[in-house]
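A short write-up of the structure that comes next.
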Amino acid sequence: MARKNIILASGSPRRKELLKMAGVKFSVLPSTIPEQVPDFIPLQNRSGFLAELKASAMSVFHPLEIIIGADTTVLCDGRLMGKPKDAAEAKEMLRFLSGKVHTVYTGVSLIYSDEEDADTFVSETKVEFYDLTDEEIDAYVATGEPLDKAGAYGIQGKGCRLVKRIEGDYFTVVGLPVAEVVRRLEAHEAMEAAKGENHE
């Protein structure tokens with residue numbers, strides 16, 4: 001049985017790098033659908049909802065491929081923290097996160113064919129920040145790194161200096177719980193191979 005092509009429906013360079021690091025062969029076709037979430041979806045489930053939305057939209061155009069959709073959200077004290085719109089908002093977010101524990105949710109949705117339901121899961125990691133001074137925050141925001149990242153920081157970059165500890169999967173915070181993704185892809189491939197043998 002021929003192995004299906006894998007499409008990452010995300011333009012995130014971090015997700016791309018993680019899949020490459022894990023030895024997954026794939027192509028990148030970022031989803032362009034509006035990221036709209038109904039109000040009745042709990043905040044902690046938002047990333048899973050959006051991941052499935054992105055994967056499903058891509059699967060319509062590539063029904064014979066395996067699609068990976070992903071989305072990352074940051075939640076602190078009941079507040080959802082997306083990507084800051086400018087440096088001022090990034091500073092405000094970092095002041096809010098200073099000295100606190102927040103939760104990073106990365107939702108992943110795998111669609112193996114358009115005839116199957118999405119295999120969607122959400123990985124959760126808690127992150128504690130040091131107490132940050134205004135000088136630390138200003139210096140970090142001046143690097144430009146926080147502006148395209150949920151919660152206004154990148155743990156894999158200069159933002160690592162802000163983090164006191166984490167509880168959970170580090171790669172969930174980066175943007176893709178890659179070990180779980182690989183295991184699910186391998187399990188599906190093994191299942192498909194077994195089906196093929198049974199039909200011979």
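By order in the structure tokens, chains are A, B, ...; within a chain, residues start at 1; ligands start at 1, following the order shown.
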Please identify which residues in segment 128-174 of chain A DSSP calls strand (DSSP E) from the backbone, and express them as a VMD selection string.
-> chain A and resid 128 to 129 163 to 167
Counting only C-alpha atoms, give me one row per residue of segment 91-142 of chain A with an atom at most 8 Å from an atom of segment 164-176 of chain A, showing the shortest contact pair and its distance in Å to one decimal, sorted by chain then residue number, as JSON lines.
{"residue": "A:Val104", "atom": "CA", "partner": "A:Val173", "partner_atom": "CA", "distance": 6.0}
{"residue": "A:Tyr105", "atom": "CA", "partner": "A:Thr172", "partner_atom": "CA", "distance": 7.1}
{"residue": "A:Thr106", "atom": "CA", "partner": "A:Thr172", "partner_atom": "CA", "distance": 5.7}
{"residue": "A:Val108", "atom": "CA", "partner": "A:Leu176", "partner_atom": "CA", "distance": 7.6}
{"residue": "A:Ser123", "atom": "CA", "partner": "A:Thr172", "partner_atom": "CA", "distance": 6.4}
{"residue": "A:Glu124", "atom": "CA", "partner": "A:Gly168", "partner_atom": "CA", "distance": 6.9}
{"residue": "A:Thr125", "atom": "CA", "partner": "A:Gly168", "partner_atom": "CA", "distance": 4.5}
{"residue": "A:Lys126", "atom": "CA", "partner": "A:Glu167", "partner_atom": "CA", "distance": 5.0}
{"residue": "A:Val127", "atom": "CA", "partner": "A:Ile166", "partner_atom": "CA", "distance": 4.5}
{"residue": "A:Glu128", "atom": "CA", "partner": "A:Arg165", "partner_atom": "CA", "distance": 5.4}
{"residue": "A:Phe129", "atom": "CA", "partner": "A:Lys164", "partner_atom": "CA", "distance": 5.2}
{"residue": "A:Tyr130", "atom": "CA", "partner": "A:Lys164", "partner_atom": "CA", "distance": 5.3}
Within 12 Å of segment 70-94 of chain A, which residues of segment 5-34 of chain A show up? Give each one with its shortest atom-to-atom distance in Å (one decimal) and the two atoms involved, counting only C-alpha atoms, rows by chain then rising residue number, as a tab-separated table.
residue	atom	partner	partner_atom	distance
A:Ile7	CA	A:Ala70	CA	11.6
A:Leu8	CA	A:Ala70	CA	8.5
A:Ala9	CA	A:Ala70	CA	7.5
A:Ser10	CA	A:Ala70	CA	6.9
A:Gly11	CA	A:Ala70	CA	10.1
A:Ser12	CA	A:Ala70	CA	9.4
A:Arg14	CA	A:Ala70	CA	11.5
A:Arg15	CA	A:Ala70	CA	8.6
A:Lys16	CA	A:Ala70	CA	11.2
A:Pro30	CA	A:Ala70	CA	10.4
A:Ser31	CA	A:Ala70	CA	9.9
Go ahead and write the selection's residues with C-alpha atoms as a PDB file, in the first residue's frame.
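Output (again.pdb):
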ATOM      1  CA  ILE A   7       0.209  18.126   4.511  1.00  0.00           C
ATOM      2  CA  LEU A   8       0.843  20.525   7.388  1.00  0.00           C
ATOM      3  CA  ALA A   9      -1.986  23.069   7.233  1.00  0.00           C
ATOM      4  CA  SER A  10       0.037  25.672   9.131  1.00  0.00           C
ATOM      5  CA  GLY A  11       2.554  28.310   8.139  1.00  0.00           C
ATOM      6  CA  SER A  12       4.280  28.183  11.535  1.00  0.00           C
ATOM      7  CA  ARG A  14       8.216  26.221  14.528  1.00  0.00           C
ATOM      8  CA  ARG A  15       5.773  23.435  13.670  1.00  0.00           C
ATOM      9  CA  LYS A  16       7.577  22.860  10.395  1.00  0.00           C
ATOM     10  CA  PRO A  30      -1.180  26.905   5.340  1.00  0.00           C
ATOM     11  CA  SER A  31      -4.898  27.107   6.009  1.00  0.00           C
TER      12      SER A  31
END
Using DSSP on the backbone coordinates, identify all residues within segment 14-140 of chain A classified as alpha helix (DSSP H); present the result as a ChimeraX atom specification.
-> /A:14-21,46-61,87-97,134-140
Any chance you can output those residues with C-alpha atoms as a PDB file, in the first residue's frame?
ATOM      1  CA  ARG A  14       8.216  26.221  14.528  1.00  0.00           C
ATOM      2  CA  ARG A  15       5.773  23.435  13.670  1.00  0.00           C
ATOM      3  CA  LYS A  16       7.577  22.860  10.395  1.00  0.00           C
ATOM      4  CA  GLU A  17      10.912  22.572  12.196  1.00  0.00           C
ATOM      5  CA  LEU A  18       9.551  20.132  14.796  1.00  0.00           C
ATOM      6  CA  LEU A  19       8.140  17.772  12.177  1.00  0.00           C
ATOM      7  CA  LYS A  20      11.418  17.909  10.250  1.00  0.00           C
ATOM      8  CA  MET A  21      13.347  17.200  13.433  1.00  0.00           C
ATOM      9  CA  ARG A  46     -10.588  26.526  21.497  1.00  0.00           C
ATOM     10  CA  SER A  47      -7.267  25.239  20.138  1.00  0.00           C
ATOM     11  CA  GLY A  48      -8.735  21.810  19.354  1.00  0.00           C
ATOM     12  CA  PHE A  49     -11.739  23.377  17.625  1.00  0.00           C
ATOM     13  CA  LEU A  50      -9.522  25.590  15.446  1.00  0.00           C
ATOM     14  CA  ALA A  51      -7.092  22.765  14.655  1.00  0.00           C
ATOM     15  CA  GLU A  52      -9.961  20.615  13.398  1.00  0.00           C
ATOM     16  CA  LEU A  53     -11.439  23.535  11.473  1.00  0.00           C
ATOM     17  CA  LYS A  54      -8.127  24.113   9.665  1.00  0.00           C
ATOM     18  CA  ALA A  55      -7.555  20.432   8.913  1.00  0.00           C
ATOM     19  CA  SER A  56     -11.116  19.868   7.684  1.00  0.00           C
ATOM     20  CA  ALA A  57     -10.966  22.877   5.371  1.00  0.00           C
ATOM     21  CA  MET A  58      -7.715  21.627   3.814  1.00  0.00           C
ATOM     22  CA  SER A  59      -9.005  18.066   3.515  1.00  0.00           C
ATOM     23  CA  VAL A  60     -11.775  19.240   1.183  1.00  0.00           C
ATOM     24  CA  PHE A  61      -9.140  20.148  -1.410  1.00  0.00           C
ATOM     25  CA  ALA A  87       4.609  46.190  21.046  1.00  0.00           C
ATOM     26  CA  ALA A  88       2.403  47.964  23.599  1.00  0.00           C
ATOM     27  CA  GLU A  89       0.024  45.016  23.810  1.00  0.00           C
ATOM     28  CA  ALA A  90       2.962  42.590  24.036  1.00  0.00           C
ATOM     29  CA  LYS A  91       4.306  44.492  27.047  1.00  0.00           C
ATOM     30  CA  GLU A  92       0.866  44.495  28.689  1.00  0.00           C
ATOM     31  CA  MET A  93       0.546  40.725  28.177  1.00  0.00           C
ATOM     32  CA  LEU A  94       3.972  40.028  29.645  1.00  0.00           C
ATOM     33  CA  ARG A  95       3.237  42.212  32.681  1.00  0.00           C
ATOM     34  CA  PHE A  96       0.031  40.197  33.167  1.00  0.00           C
ATOM     35  CA  LEU A  97       1.910  36.878  32.949  1.00  0.00           C
ATOM     36  CA  ASP A 134       9.765  46.566  33.276  1.00  0.00           C
ATOM     37  CA  GLU A 135      13.336  46.694  31.978  1.00  0.00           C
ATOM     38  CA  GLU A 136      13.304  42.956  31.200  1.00  0.00           C
ATOM     39  CA  ILE A 137       9.962  43.233  29.444  1.00  0.00           C
ATOM     40  CA  ASP A 138      10.998  46.281  27.405  1.00  0.00           C
ATOM     41  CA  ALA A 139      14.263  44.629  26.346  1.00  0.00           C
ATOM     42  CA  TYR A 140      12.499  41.429  25.291  1.00  0.00           C
TER      43      TYR A 140
END
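In this model, the gap between atom CA of Glu186 of chain A and atom CA of Ile6 of chain A comes to 12.3 Å.
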Compare A:Leu185, A:Thr143, A:Asp39, A:Ala194 by their minimum atom-to-atom distance to Lys25 of chain A, counting only C-alpha atoms, and give me the closest one.
-> A:Leu185
Atom pair atom CA of Arg183 of chain A / atom CA of Glu65 of chain A: separation (Å) | 17.7 Å
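With distances restricted to only C-alpha atoms, A:Ser113 is the closest residue to His188 of chain A from A:Ser113, A:Thr103, A:Thr133, A:Ser27.
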Using only C-alpha atoms, which of the listed residues (A:Asp119, A:Pro146, A:Val178, A:Gly23) sits closest to Lys158 of chain A?
-> A:Pro146
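Between Asp131 of chain A and the candidates A:Pro63, A:Gly99, A:Gly157, A:Val24, the tightest atom-to-atom separation, counting only C-alpha atoms, involves A:Gly99.
The nearest approach to Leu110 of chain A among the residues A:Lys4, A:Arg161, A:Lys149, A:Arg184, with only C-alpha atoms taken into account, belongs to A:Arg184.
Going from atom CA of Pro177 of chain A over to atom CA of Phe40 of chain A, you cover 25.8 Å.
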